[in-house]
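The file input_4.cif contains mmCIF, C-alpha atoms:
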data_final
#
loop_
_atom_site.label_atom_id
_atom_site.label_comp_id
_atom_site.auth_asym_id
_atom_site.auth_seq_id
_atom_site.Cartn_x
_atom_site.Cartn_y
_atom_site.Cartn_z
CA GLY H 1 0.00 0.00 0.00
CA GLU H 2 0.86 3.66 -0.04
CA ASP H 3 3.23 5.08 2.55
CA VAL H 4 0.64 7.50 3.89
CA GLU H 5 -3.08 6.85 3.52
CA GLN H 6 -6.13 9.00 4.11
CA SER H 7 -9.77 8.78 3.19
CA LEU H 8 -10.63 11.06 0.29
CA PHE H 9 -13.73 12.81 1.61
CA LEU H 10 -15.28 13.99 4.87
CA SER H 11 -18.48 15.97 5.30
CA VAL H 12 -19.43 17.58 8.61
CA ARG H 13 -22.06 20.00 9.81
CA GLU H 14 -21.00 23.53 10.64
CA GLY H 15 -20.24 23.80 14.35
CA ASP H 16 -19.49 20.10 14.76
CA SER H 17 -16.02 18.65 15.20
CA SER H 18 -14.16 17.22 12.23
CA VAL H 19 -11.81 14.31 12.64
CA ILE H 20 -9.48 13.51 9.78
CA ASN H 21 -7.57 10.26 10.02
CA CYS H 22 -4.29 9.12 8.54
CA THR H 23 -2.23 5.96 8.67
CA TYR H 24 1.41 5.58 7.76
CA THR H 25 3.64 2.59 7.29
CA ASP H 26 7.16 3.53 8.28
CA SER H 27 8.00 3.19 11.95
CA SER H 28 11.03 5.40 11.45
CA SER H 29 8.84 8.42 10.82
CA THR H 30 10.17 11.20 12.99
CA TYR H 31 7.79 14.05 12.34
CA LEU H 32 4.20 13.99 11.19
CA TYR H 33 2.50 16.99 9.68
CA TRP H 34 -0.89 18.33 8.74
CA TYR H 35 -1.14 20.70 5.80
CA LYS H 36 -4.18 22.56 4.47
CA GLN H 37 -4.74 23.35 0.80
CA GLU H 38 -7.45 25.75 -0.29
CA PRO H 39 -8.70 25.67 -3.90
CA GLY H 40 -6.04 26.63 -6.44
CA ALA H 41 -3.49 27.40 -3.76
CA GLY H 42 -0.34 25.92 -2.30
CA LEU H 43 -0.15 24.08 0.98
CA GLN H 44 -0.18 25.75 4.35
CA LEU H 45 1.37 24.04 7.35
CA LEU H 46 -1.20 23.72 10.12
CA THR H 47 0.77 21.83 12.71
CA TYR H 48 3.30 19.06 13.21
CA ILE H 49 4.10 16.59 15.93
CA PHE H 50 7.28 14.82 16.88
CA SER H 51 6.98 11.06 16.95
CA ASN H 52 7.69 10.79 20.68
CA MET H 53 4.62 12.86 21.48
CA ASP H 54 1.08 11.52 21.51
CA MET H 55 -0.90 14.73 21.50
CA LYS H 56 -0.54 18.33 20.49
CA GLN H 57 -3.18 21.02 20.80
CA ASP H 58 -3.24 24.41 19.13
CA GLN H 59 -6.43 26.44 19.53
CA ARG H 60 -9.15 24.55 17.60
CA LEU H 61 -6.73 21.91 16.35
CA THR H 62 -5.86 18.73 18.22
CA VAL H 63 -3.42 16.19 16.82
CA LEU H 64 -3.39 12.67 18.21
CA LEU H 65 -0.63 10.20 17.40
CA ASN H 66 -0.81 6.48 18.08
CA LYS H 67 2.67 5.35 17.22
CA LYS H 68 1.95 1.71 17.92
CA ASP H 69 -0.85 1.64 15.35
CA LYS H 70 0.87 4.23 13.10
CA HIS H 71 -2.27 6.32 13.20
CA LEU H 72 -2.48 10.09 13.16
CA SER H 73 -5.60 12.20 13.46
CA LEU H 74 -6.49 15.86 13.21
CA ARG H 75 -9.50 17.12 15.10
CA ILE H 76 -10.93 20.52 14.22
CA ALA H 77 -13.30 21.80 16.88
CA ASP H 78 -16.29 23.98 15.98
CA THR H 79 -15.80 23.49 12.24
CA GLN H 80 -16.48 26.61 10.19
CA THR H 81 -17.09 27.16 6.48
CA GLY H 82 -13.57 28.58 6.21
CA ASP H 83 -12.23 25.17 7.17
CA SER H 84 -13.38 23.76 3.81
CA ALA H 85 -10.19 22.58 2.13
CA ILE H 86 -8.08 19.54 1.42
CA TYR H 87 -6.08 18.35 4.41
CA PHE H 88 -2.84 16.48 3.81
CA CYS H 89 -1.15 14.21 6.28
CA ALA H 90 2.60 13.95 5.78
CA GLU H 91 5.68 12.40 7.34
CA SER H 92 9.40 12.82 7.32
CA ARG H 93 11.88 10.14 8.29
CA ARG H 94 15.15 10.12 10.15
CA SER H 95 16.89 8.60 7.13
CA SER H 96 15.90 11.45 4.86
CA ALA H 97 14.83 14.41 6.92
CA SER H 98 14.56 16.77 3.98
CA LYS H 99 11.97 14.66 2.17
CA ILE H 100 8.34 14.88 3.17
CA ILE H 101 5.93 12.18 2.00
CA PHE H 102 2.33 13.23 1.60
CA GLY H 103 -0.92 11.34 1.78
CA SER H 104 -3.54 11.77 -0.92
CA GLY H 105 -5.43 14.39 1.03
CA THR H 106 -8.91 14.46 2.59
CA ARG H 107 -11.41 16.90 1.16
CA LEU H 108 -13.40 18.41 4.02
CA SER H 109 -16.76 19.89 3.13
CA ILE H 110 -19.03 21.73 5.54
CA ARG H 111 -22.82 21.38 5.58
CA PRO H 112 -24.93 24.26 6.89
CA GLY N 113 6.64 34.64 8.10
CA ALA N 114 8.48 33.01 5.23
CA VAL N 115 6.93 33.54 1.79
CA VAL N 116 7.49 31.59 -1.40
CA SER N 117 6.35 33.10 -4.66
CA GLN N 118 5.67 30.93 -7.68
CA HIS N 119 5.18 32.24 -11.21
CA PRO N 120 3.26 31.88 -13.44
CA SER N 121 0.17 30.70 -11.64
CA ARG N 122 -1.35 29.48 -14.89
CA VAL N 123 0.18 28.73 -18.24
CA ILE N 124 -1.21 27.26 -21.43
CA CYS N 125 1.18 26.15 -24.11
CA LYS N 126 1.24 24.20 -27.33
CA SER N 127 2.55 20.68 -27.46
CA GLY N 128 6.27 20.60 -28.15
CA THR N 129 7.12 23.91 -26.53
CA SER N 130 9.03 24.42 -23.28
CA VAL N 131 7.66 26.13 -20.20
CA LYS N 132 9.61 27.62 -17.31
CA ILE N 133 8.17 27.95 -13.81
CA GLU N 134 9.91 30.09 -11.22
CA CYS N 135 9.99 29.61 -7.47
CA ARG N 136 11.33 32.43 -5.31
CA SER N 137 11.86 32.71 -1.59
CA LEU N 138 10.97 36.33 -0.89
CA ASP N 139 12.32 37.05 2.55
CA PHE N 140 14.70 34.23 3.27
CA GLN N 141 17.46 32.26 1.65
CA ALA N 142 16.59 28.74 0.63
CA THR N 143 19.49 26.42 -0.04
CA THR N 144 17.03 23.64 -0.68
CA MET N 145 13.78 23.79 -2.60
CA PHE N 146 11.45 21.02 -3.60
CA TRP N 147 9.32 20.53 -6.69
CA TYR N 148 6.09 18.57 -6.53
CA ARG N 149 3.50 17.54 -9.05
CA GLN N 150 -0.10 17.16 -8.01
CA PHE N 151 -2.60 15.06 -9.93
CA PRO N 152 -6.36 15.49 -9.44
CA LYS N 153 -7.52 13.76 -6.25
CA LYS N 154 -4.00 12.48 -5.74
CA SER N 155 -1.20 13.25 -3.39
CA LEU N 156 1.69 15.54 -4.07
CA MET N 157 4.40 13.61 -5.83
CA LEU N 158 7.90 14.79 -5.02
CA MET N 159 9.70 15.24 -8.33
CA ALA N 160 13.07 16.53 -7.23
CA THR N 161 15.07 18.29 -4.58
CA SER N 162 16.72 21.43 -5.86
CA ASN N 163 20.05 22.32 -4.25
CA GLU N 164 21.58 25.76 -4.67
CA GLY N 165 24.77 25.60 -6.66
CA SER N 166 24.58 21.91 -7.46
CA LYS N 167 22.59 19.44 -9.48
CA ALA N 168 19.08 18.60 -8.48
CA THR N 169 18.29 15.21 -7.00
CA TYR N 170 15.48 13.57 -8.92
CA GLU N 171 13.07 11.00 -7.58
CA GLN N 172 12.82 7.62 -9.20
CA GLY N 173 10.79 7.70 -12.39
CA VAL N 174 11.17 11.44 -12.99
CA GLU N 175 12.97 12.24 -16.25
CA LYS N 176 15.71 14.74 -15.54
CA ASP N 177 16.01 15.70 -19.20
CA LYS N 178 12.30 16.36 -19.33
CA PHE N 179 12.06 18.39 -16.14
CA LEU N 180 15.09 20.64 -15.94
CA ILE N 181 15.76 22.22 -12.57
CA ASN N 182 18.12 25.09 -12.00
CA HIS N 183 18.85 26.57 -8.56
CA ALA N 184 21.30 29.30 -9.44
CA SER N 185 20.80 31.51 -6.40
CA LEU N 186 19.69 31.20 -2.79
CA THR N 187 16.32 32.69 -3.61
CA LEU N 188 15.41 31.23 -6.99
CA SER N 189 14.79 27.77 -8.38
CA THR N 190 13.31 27.16 -11.82
CA LEU N 191 11.60 24.14 -13.31
CA THR N 192 11.53 23.90 -17.09
CA VAL N 193 9.20 21.39 -18.69
CA THR N 194 10.86 20.68 -22.01
CA SER N 195 8.99 19.64 -25.13
CA ALA N 196 5.76 19.60 -23.19
CA HIS N 197 3.01 17.14 -24.07
CA PRO N 198 -0.61 16.95 -22.93
CA GLU N 199 0.27 14.31 -20.34
CA ASP N 200 2.53 16.89 -18.67
CA SER N 201 -0.55 18.97 -17.86
CA SER N 202 -0.69 19.19 -14.10
CA PHE N 203 -0.42 21.39 -11.04
CA TYR N 204 3.22 21.97 -10.12
CA ILE N 205 4.08 23.22 -6.64
CA CYS N 206 7.40 24.29 -5.20
CA SER N 207 8.41 24.58 -1.58
CA ALA N 208 11.36 25.73 0.43
CA SER N 209 12.60 24.86 3.88
CA GLU N 210 12.12 27.66 6.34
CA PRO N 211 15.23 28.97 8.05
CA GLY N 212 15.97 26.97 11.16
CA GLY N 213 13.30 24.47 10.27
CA MET N 214 15.73 21.70 9.54
CA ASN N 215 17.79 22.55 12.62
CA SER N 216 14.81 21.94 14.83
CA GLY N 217 14.37 18.52 13.25
CA ALA N 218 11.02 19.13 11.71
CA ASN N 219 11.18 19.99 8.03
CA VAL N 220 8.93 23.02 8.01
CA LEU N 221 8.16 23.80 4.40
CA THR N 222 6.70 26.95 2.91
CA PHE N 223 4.83 26.29 -0.29
CA GLY N 224 4.28 28.42 -3.34
CA ALA N 225 0.73 28.85 -4.60
CA GLY N 226 1.34 26.43 -7.46
CA SER N 227 1.40 26.66 -11.24
CA ARG N 228 -1.25 25.02 -13.36
CA LEU N 229 0.17 23.90 -16.68
CA THR N 230 -2.14 23.02 -19.55
CA VAL N 231 -0.56 21.62 -22.68
CA LEU N 232 -2.77 21.69 -25.76
#

Whole structure given in structure tokens:
Amino acid sequence: GEDVEQSLFLSVREGDSSVINCTYTDSSSTYLYWYKQEPGAGLQLLTYIFSNMDMKQDQRLTVLLNKKDKHLSLRIADTQTGDSAIYFCAESRRSSASKIIFGSGTRLSIRP
Amino acid sequence: GAVVSQHPSRVICKSGTSVKIECRSLDFQATTMFWYRQFPKKSLMLMATSNEGSKATYEQGVEKDKFLINHASLTLSTLTVTSAHPEDSSFYICSASEPGGMNSGANVLTFGAGSRLTVL
């Protein structure tokens, strides 16, 4: 399978929490990242977590890392219409710190 | 914060012509830049790592003679798609490592806005 996997779509109601999931295969991953891409634009780094951490919180964003299961999630609290975008999970590895490997992205859409 | 400018944002060209895309770091020096290609509903595919003053490092399967990368200064990397064909139509995105990003361990990348290439 792919190195980093995500589901392609997620739809949530405005005001609810969004949880975007990601799995990766390489246990040597050192950093894991979440990027946001709005239509026709480049990627914006939202947050990243070091592999020896299991949680990181930044305002409405909460990242959970289960290293044993190689599972990463991004929770967006109180989802707003401005959160509509594609969210990419990514990893970098100790063996090649300059290279970041991206998942296929999850398109988050918001229902009124 | 760090800003990366990419130009042009859109380009349409005829089959067989060459197209150059520029990636500039506006307020920092980037010794390393990265070029990605993004297919619809697909991940970003790393094409090559561009190193200032030296040859680019291409990923497996990427034709170096097809996608020419030049990183002549600390603020500019260019990608030239030579003899473009319709199958080269795609969204190309560059990124640069932010200063100090690599030193902290995390590779914090700043991305350009991307260039959409359409080859007729």

Long-range neighbours of Ser29 (chain H) as a list in words, 8 Å cut-off, all atoms listed in the file, 4 positions minimum in chain: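 Close residues of Ser29 (chain H): Ser51, Glu91, Ser92, Arg93 and Arg94 of chain H.
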
Please write as a ChimeraX atom specification the list of polymer residues whose atoms come within 12 Å of (-6.6, 16.3, 2.6), counting only C-alpha atoms and keeping to the coordinates of the file. /H:4-10,19-22,33-39,43-44,46,73-74,83-90,102-109 /N:153-156

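Across the model, the gap from CA of Thr81 (chain H) to CA of Arg13 (chain H) is 9.3 Å.
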
Looking at all atoms listed in the file, which of N:Gln141, N:Ser166, N:Thr192, N:Ser227 is the one that sits closest to chain H?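 Comparing N:Gln141, N:Ser166, N:Thr192, N:Ser227 against chain H, the winner is N:Ser227.
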
Report the closest atom pair, with its distance in Å rounded to one decimal, for each residue of chain N that has an atom no farther than 10 Å from chain H; count all atoms listed in the file, sort by chain and then rising residue number, and write it as a Markdown table.
| residue | atom | partner | partner_atom | distance |
| --- | --- | --- | --- | --- |
| N:Val116 | CA | H:Gly42 | CA | 9.7 |
| N:Gln118 | CA | H:Gly42 | CA | 9.5 |
| N:Ser121 | CA | H:Gly40 | CA | 9.1 |
| N:Thr144 | CA | H:Ser98 | CA | 8.7 |
| N:Met145 | CA | H:Ser98 | CA | 9.7 |
| N:Phe146 | CA | H:Lys99 | CA | 8.6 |
| N:Gln150 | CA | H:Ser104 | CA | 9.5 |
| N:Phe151 | CA | H:Ser104 | CA | 9.6 |
| N:Pro152 | CA | H:Ser104 | CA | 9.7 |
| N:Lys153 | CA | H:Ser104 | CA | 6.9 |
| N:Lys154 | CA | H:Ser104 | CA | 4.9 |
| N:Ser155 | CA | H:Ser104 | CA | 3.7 |
| N:Leu156 | CA | H:Phe102 | CA | 6.2 |
| N:Met157 | CA | H:Phe102 | CA | 7.7 |
| N:Leu158 | CA | H:Ile101 | CA | 7.7 |
| N:Ala160 | CA | H:Lys99 | CA | 9.6 |
| N:Thr161 | CA | H:Lys99 | CA | 8.3 |
| N:Phe203 | CA | H:Gly40 | CA | 9.0 |
| N:Tyr204 | CA | H:Gly42 | CA | 9.5 |
| N:Ile205 | CA | H:Gly42 | CA | 6.8 |
| N:Cys206 | CA | H:Gly42 | CA | 8.4 |
| N:Ser207 | CA | H:Gly42 | CA | 8.9 |
| N:Ser209 | CA | H:Ser98 | CA | 8.3 |
| N:Met214 | CA | H:Ser98 | CA | 7.5 |
| N:Gly217 | CA | H:Ala97 | CA | 7.6 |
| N:Ala218 | CA | H:Tyr31 | CA | 6.1 |
| N:Asn219 | CA | H:Ser98 | CA | 6.2 |
| N:Val220 | CA | H:Leu45 | CA | 7.7 |
| N:Leu221 | CA | H:Leu45 | CA | 7.4 |
| N:Thr222 | CA | H:Gln44 | CA | 7.1 |
| N:Phe223 | CA | H:Gly42 | CA | 5.6 |
| N:Gly224 | CA | H:Gly42 | CA | 5.4 |
| N:Ala225 | CA | H:Gly42 | CA | 3.9 |
| N:Gly226 | CA | H:Gly42 | CA | 5.5 |
| N:Ser227 | CA | H:Gly40 | CA | 8.9 |
| N:Arg228 | CA | H:Gly40 | CA | 8.6 |

Given the PyMOL selection byres ((chain H and resi 79) around 7), the residues it picks as an MDAnalysis selection string: chainID H and resid 14:18 76:78 80:81 83

Which residues come within 12 Å of Val231 (chain N), counting only C-alpha atoms, excluding same-chain residues fewer than 4 positions away, as a PyMOL selection string? chain N and resi 122-131+193-203

Residues of the last selection are to be written out with C-alpha atoms, as a PDB file, in the coordinates of the input.
ATOM      1  CA  ARG N 122      -1.350  29.480 -14.890  1.00  0.00           C
ATOM      2  CA  VAL N 123       0.180  28.730 -18.240  1.00  0.00           C
ATOM      3  CA  ILE N 124      -1.210  27.260 -21.430  1.00  0.00           C
ATOM      4  CA  CYS N 125       1.180  26.150 -24.110  1.00  0.00           C
ATOM      5  CA  LYS N 126       1.240  24.200 -27.330  1.00  0.00           C
ATOM      6  CA  SER N 127       2.550  20.680 -27.460  1.00  0.00           C
ATOM      7  CA  GLY N 128       6.270  20.600 -28.150  1.00  0.00           C
ATOM      8  CA  THR N 129       7.120  23.910 -26.530  1.00  0.00           C
ATOM      9  CA  SER N 130       9.030  24.420 -23.280  1.00  0.00           C
ATOM     10  CA  VAL N 131       7.660  26.130 -20.200  1.00  0.00           C
ATOM     11  CA  VAL N 193       9.200  21.390 -18.690  1.00  0.00           C
ATOM     12  CA  THR N 194      10.860  20.680 -22.010  1.00  0.00           C
ATOM     13  CA  SER N 195       8.990  19.640 -25.130  1.00  0.00           C
ATOM     14  CA  ALA N 196       5.760  19.600 -23.190  1.00  0.00           C
ATOM     15  CA  HIS N 197       3.010  17.140 -24.070  1.00  0.00           C
ATOM     16  CA  PRO N 198      -0.610  16.950 -22.930  1.00  0.00           C
ATOM     17  CA  GLU N 199       0.270  14.310 -20.340  1.00  0.00           C
ATOM     18  CA  ASP N 200       2.530  16.890 -18.670  1.00  0.00           C
ATOM     19  CA  SER N 201      -0.550  18.970 -17.860  1.00  0.00           C
ATOM     20  CA  SER N 202      -0.690  19.190 -14.100  1.00  0.00           C
ATOM     21  CA  PHE N 203      -0.420  21.390 -11.040  1.00  0.00           C
TER      22      PHE N 203
END

Suppose you want the space between CA of Thr62 (chain H) and CA of Ala114 (chain N); what is it in Å?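 Going from CA of Thr62 (chain H) over to CA of Ala114 (chain N) covers 24.0 Å.
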
How far is it from CA of Arg136 (chain N) to CA of Met159 (chain N), in Å with one decimal?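 We find that CA of Arg136 (chain N) and CA of Met159 (chain N) lie 17.5 Å from each other.
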
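In this comparison, which uses all atoms listed in the file, the residue of N:Asp139, N:Thr230, N:Glu134, N:Trp147 approaching Ser162 (chain N) most closely is N:Trp147.
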
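The protein and nucleic acid residues lying at most 8 Å from Leu65 (chain H) are Ser51, Met53, Asp54, Met55, Lys70, His71, Leu72 and Ser73 of chain H, with only C-alpha atoms considered and sequence neighbours fewer than 3 positions away removed.
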
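Nearest-residue note for Thr23 (chain H): choosing from H:Val63, H:Gln57, H:Asp69, H:Asn52, the minimum distance belongs to H:Asp69, counting all atoms listed in the file.
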